[in-house]
Structure formats: structure tokens, C-alpha cells
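S.K.: The structure follows.
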Amino acid sequence: MRREIFAVSAVAVLMMTAACGSSDNYGGKAPAVQPVGDSKQAGSADDIYGGGAGGGAVPAGQLGKTGPAGQMKVSEIQGLGAAVTDSEGFTLYRFDKDTPKPPKSNCEGDCAATWPAVAAEGASVSAGIDAALLGSVERSDGTKQLTVAGWPVYRYAKDAKAGDALGEGVGGTWHALGPGGKPAGKGAAAGAEKEKEEEKPAEEAKASGLTAVQNPELGTLVEDAEGKTLYRFDKDSAWPMKIGCVDACTDTWKPAKPVDKANVNGVAPELIGKVKRPDGTEQLTIDCWPVYTFTGDKEPGDTTGHNNKGLWFAITDKGKKAKVVN
């Protein structure tokens, strides 16, 4: 039984798509790949959710604090500066591993116990907050969570009184919410890198591309714009869509970023797609297979990752595994 539970929680699995590999797969609705099992699988609760921050257990009576925000206001938080609080003065937060476009919460299970989602109903604003930024997102349990500028909004279970901001900076990914949806005060610097990534113009994405090249031993392979060979992983799957390379795996095997089909040479456009990874980022797919680059490849055209551990293979222009040469 333990072996089976471990096998399920060791990989991040999947939402099946109706037309993976077709042109619809790239039409702005990337299939979402979600982790299953224990929500801690992408890292410890202390590191990601803040389960160990602030010391001690969660104060009694705080875990269930999931009511509406009421009339939100901009408050001065000691040591932090201006941040958004609810009608009772409790600090509201955002999570860097969520996404605002489209809105998506990646805080479920144990995470949601420590960081209760703020209900969407009944929210209003006072001076300093633009009412047009308010919205909602449907969570996995069907409830509606408040969003500000697309970012899902939370409270922190260890904040015991109005004005507390114990959740600021937890795990390097949780920040008090600023009036415009960005991290408040000191958290603005910590969240700056993510904000820059989100605001990159579409033209930058178009600068990347793919090219099919002829390898004298392995056949027709696919390289990215930098000449790096792309690989597929046998512990992933194309149908149903599944991601098997997460956490430390991505230190060696880097998920390839999606590309503009207009910049693809030698690969059928209908084979090009993308998939949302468990951390909310998007990854390039070829014929529904998530693809990666290998950090061991040092020069353009290197294929040192091919047949690595019998699990990693250079991918062909058809999305297949390149042949193994003895």
C-alpha cells in the first residue's frame, strides 16, 4: 500500500485534453497538469506553504477563517508599509506560485489549511483600491475565491489579530497584497522578478523557435533557437497528459518554453502545443509530449542526454524517440 501511495504522489498528473496535438491545443487553452495525492509533493510545507513559519502550531480558531473580505482597505502595516486588509483589519496575501492570467490558485490541501482562501462574495473596496481589479476564480472544490488584478487572495492562519503580517515573505513566495495586486511594501522587491516575467512583451516569446536538423546517427531531431537538442521523458506521457519531471529533476532537465508556430521550421505546426505544469508555468509539447533541454549538452547540436538512464531520448520531428545507436 505504501509503495502504491508513493508511486502516485511521486509524479504530477494531468488533465486530459480533447484534442492534444491538434491546432486547438495551442489556441490559448493549454491543458492543465495538476499534481495528485499529497499537496506537499512539490516541496515541504515549511518551504512552500509556510507551515513552519512563525513557530509553533497554528493558533486555535484560525484555521477556519475563510469568510468574505467585506470592505477592503489600504492599511499601514508596521515594518511593511501599505497593504490591503479586510474589513476587520486582517492582512490579505497573494502566492507567487499562482497565476493571474488566467487566474489560477495553486494552493490546495494542506496549503489551503494554512492559507485560507478569501471568499469572493460580498467584497467591496474603499479609497485606494480600484474596484475594477476585483474578480473571482473557481477553486477545485467549486467555491469562488476573490481575486485582485487576477491574483487569488488569501489570509494567513497564524495572523492572530488585525495588523499582523506574519505571512509576509514565507517560503519566499507569499507576500502581503498591495493595492494594485502586486506584492506590498518590502515584498515588492521579492516579487519583482516574477512581475517582470509576467510583463514581458509577446514579441520576446516570438523570438524563440524550433528547427528540425539532420543528425548523422540519430536521424531528424528537433533543436531550439539556441541549437539545443530537445528531449522527451519516458516517465511523462502524452495521453493522458502527465508530467513526471518535477522538483530536482528540472535542475538537470529544463522544461522547454512554448514557441510561436510561425517560428517553427521542419516540424508540422499541428504537432506543436503547450501544457501547464504543476507550478503554473507553461511547457512546450511536440505531438503531446512535454519536451526538455539537457544541462549536460554544452555545444549546439550535442545529444549527450540521448538514452540517458534508458528514460530520456532526443525527440524527432514527428515527436517520436530517436533511435538508440549501440
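We label chains A, B, ... in the order they appear in the C-alpha cells, count residues from 1 in each chain, and number ligands from 1 in the order shown.
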Please return, as a PDB file with all heavy atoms, in the first residue's frame, all residues of stretch 233-275 of chain A that DSSP assigns to helix (DSSP H, G or I) on the basis of the backbone.

M.R.:
```pdb
ATOM      1  N   CYS A 249      14.384  17.260 -10.504  1.00  0.00           N
ATOM      2  CA  CYS A 249      14.578  16.781 -11.877  1.00  0.00           C
ATOM      3  C   CYS A 249      14.820  17.943 -12.835  1.00  0.00           C
ATOM      4  O   CYS A 249      15.644  17.859 -13.747  1.00  0.00           O
ATOM      5  CB  CYS A 249      13.356  15.963 -12.313  1.00  0.00           C
ATOM      6  SG  CYS A 249      13.370  15.454 -14.049  1.00  0.00           S
ATOM      7  N   THR A 250      14.117  19.059 -12.604  1.00  0.00           N
ATOM      8  CA  THR A 250      14.226  20.193 -13.525  1.00  0.00           C
ATOM      9  C   THR A 250      15.523  20.978 -13.361  1.00  0.00           C
ATOM     10  O   THR A 250      15.783  21.903 -14.125  1.00  0.00           O
ATOM     11  CB  THR A 250      13.032  21.148 -13.354  1.00  0.00           C
ATOM     12  OG1 THR A 250      13.000  21.641 -12.013  1.00  0.00           O
ATOM     13  CG2 THR A 250      11.723  20.420 -13.651  1.00  0.00           C
ATOM     14  N   ASP A 251      16.338  20.615 -12.357  1.00  0.00           N
ATOM     15  CA  ASP A 251      17.664  21.221 -12.267  1.00  0.00           C
ATOM     16  C   ASP A 251      18.571  20.720 -13.388  1.00  0.00           C
ATOM     17  O   ASP A 251      19.502  21.410 -13.806  1.00  0.00           O
ATOM     18  CB  ASP A 251      18.316  20.885 -10.919  1.00  0.00           C
ATOM     19  CG  ASP A 251      17.603  21.529  -9.742  1.00  0.00           C
ATOM     20  OD1 ASP A 251      16.897  22.524  -9.968  1.00  0.00           O
ATOM     21  OD2 ASP A 251      17.745  21.021  -8.620  1.00  0.00           O
ATOM     22  N   THR A 252      18.312  19.504 -13.848  1.00  0.00           N
ATOM     23  CA  THR A 252      19.109  18.882 -14.913  1.00  0.00           C
ATOM     24  C   THR A 252      18.403  18.925 -16.251  1.00  0.00           C
ATOM     25  O   THR A 252      19.036  19.138 -17.289  1.00  0.00           O
ATOM     26  CB  THR A 252      19.421  17.412 -14.543  1.00  0.00           C
ATOM     27  OG1 THR A 252      20.114  17.383 -13.284  1.00  0.00           O
ATOM     28  CG2 THR A 252      20.280  16.752 -15.600  1.00  0.00           C
ATOM     29  N   LYS A 261       4.293  29.267 -33.404  1.00  0.00           N
ATOM     30  CA  LYS A 261       4.299  28.322 -34.522  1.00  0.00           C
ATOM     31  C   LYS A 261       4.905  28.917 -35.789  1.00  0.00           C
ATOM     32  O   LYS A 261       5.418  28.188 -36.643  1.00  0.00           O
ATOM     33  CB  LYS A 261       2.885  27.847 -34.810  1.00  0.00           C
ATOM     34  CG  LYS A 261       2.322  26.915 -33.749  1.00  0.00           C
ATOM     35  CD  LYS A 261       0.979  26.364 -34.195  1.00  0.00           C
ATOM     36  CE  LYS A 261       0.420  25.399 -33.165  1.00  0.00           C
ATOM     37  NZ  LYS A 261      -0.852  24.797 -33.626  1.00  0.00           N
ATOM     38  N   ALA A 262       4.845  30.245 -35.882  1.00  0.00           N
ATOM     39  CA  ALA A 262       5.409  30.900 -37.064  1.00  0.00           C
ATOM     40  C   ALA A 262       6.922  30.757 -37.120  1.00  0.00           C
ATOM     41  O   ALA A 262       7.526  30.938 -38.177  1.00  0.00           O
ATOM     42  CB  ALA A 262       5.011  32.376 -37.083  1.00  0.00           C
ATOM     43  N   ASN A 263       7.540  30.428 -35.992  1.00  0.00           N
ATOM     44  CA  ASN A 263       8.993  30.295 -35.938  1.00  0.00           C
ATOM     45  C   ASN A 263       9.452  28.846 -35.877  1.00  0.00           C
ATOM     46  O   ASN A 263      10.533  28.551 -35.379  1.00  0.00           O
ATOM     47  CB  ASN A 263       9.542  31.049 -34.716  1.00  0.00           C
ATOM     48  CG  ASN A 263       9.375  32.548 -34.843  1.00  0.00           C
ATOM     49  OD1 ASN A 263       9.326  33.082 -35.942  1.00  0.00           O
ATOM     50  ND2 ASN A 263       9.262  33.225 -33.728  1.00  0.00           N
ATOM     51  N   PRO A 269       3.164  22.154 -37.879  1.00  0.00           N
ATOM     52  CA  PRO A 269       2.596  23.062 -36.871  1.00  0.00           C
ATOM     53  C   PRO A 269       1.571  22.392 -35.964  1.00  0.00           C
ATOM     54  O   PRO A 269       1.478  22.735 -34.783  1.00  0.00           O
ATOM     55  CB  PRO A 269       1.949  24.170 -37.722  1.00  0.00           C
ATOM     56  CG  PRO A 269       2.704  24.149 -39.006  1.00  0.00           C
ATOM     57  CD  PRO A 269       3.042  22.706 -39.249  1.00  0.00           C
ATOM     58  N   GLU A 270       0.809  21.445 -36.514  1.00  0.00           N
ATOM     59  CA  GLU A 270      -0.223  20.810 -35.692  1.00  0.00           C
ATOM     60  C   GLU A 270       0.345  19.947 -34.567  1.00  0.00           C
ATOM     61  O   GLU A 270      -0.370  19.547 -33.647  1.00  0.00           O
ATOM     62  CB  GLU A 270      -1.166  19.971 -36.551  1.00  0.00           C
ATOM     63  CG  GLU A 270      -0.516  18.832 -37.299  1.00  0.00           C
ATOM     64  CD  GLU A 270      -0.074  19.237 -38.706  1.00  0.00           C
ATOM     65  OE1 GLU A 270       0.102  20.458 -38.945  1.00  0.00           O
ATOM     66  OE2 GLU A 270       0.066  18.341 -39.553  1.00  0.00           O
ATOM     67  N   LEU A 271       1.651  19.659 -34.644  1.00  0.00           N
ATOM     68  CA  LEU A 271       2.288  18.875 -33.581  1.00  0.00           C
ATOM     69  C   LEU A 271       2.766  19.745 -32.424  1.00  0.00           C
ATOM     70  O   LEU A 271       3.135  19.224 -31.370  1.00  0.00           O
ATOM     71  CB  LEU A 271       3.490  18.091 -34.136  1.00  0.00           C
ATOM     72  CG  LEU A 271       3.195  17.027 -35.185  1.00  0.00           C
ATOM     73  CD1 LEU A 271       4.481  16.313 -35.578  1.00  0.00           C
ATOM     74  CD2 LEU A 271       2.172  16.016 -34.676  1.00  0.00           C
TER      75      LEU A 271
END
```

S.K.: Near stretch 222-224 of chain A, counting only C-alpha atoms, which residues have an atom at most 7 Å away, once you skip same-chain residues fewer than 4 positions from it, shown as a list in words?

M.R.: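 Once the adjacent positions are removed, what remains is Gly209, Leu210, Thr211, Ala212, Val213, Lys228, Thr229, Leu230, Ile315, Thr316 and Asp317 of chain A.
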
S.K.: Could you tell me how far atom CA of A:Gly185 lies from atom CA of A:Glu76, in Å and to one decimal?

M.R.: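 Computing the Euclidean distance for atom CA of A:Gly185 and atom CA of A:Glu76 yields 9.6 Å.
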
S.K.: Quick one: distance from atom CA of A:Gly81 to atom CA of A:Gly280 in Å, one decimal?

M.R.: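 Separating atom CA of A:Gly81 from atom CA of A:Gly280 is a distance of 28.8 Å.
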
S.K.: Pick from A:Leu166, A:Ile272, A:Met241, A:Ala127: nearest to A:Gln78, with only C-alpha atoms counted?

M.R.: A:Leu166

S.K.: Can you list, as an MDAnalysis selection string, all residues belonging to stretch 42-283 of chain A that DSSP tags as strand (DSSP E)?

M.R.: chainID A and resid 71:77 81:85 93:95 99:100 103:104 124:125 134:138 144:148 151:152 174:176 210:215 219:224 231:233 237:238 241:243 253:255 264:265 272:276 282:283

S.K.: Just to confirm, what's the straight-line distance from atom CA of A:Asn307 to atom CA of A:Lys320 in Å (one decimal)?

M.R.: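 So the two atoms, atom CA of A:Asn307 and atom CA of A:Lys320, lie 13.1 Å apart.
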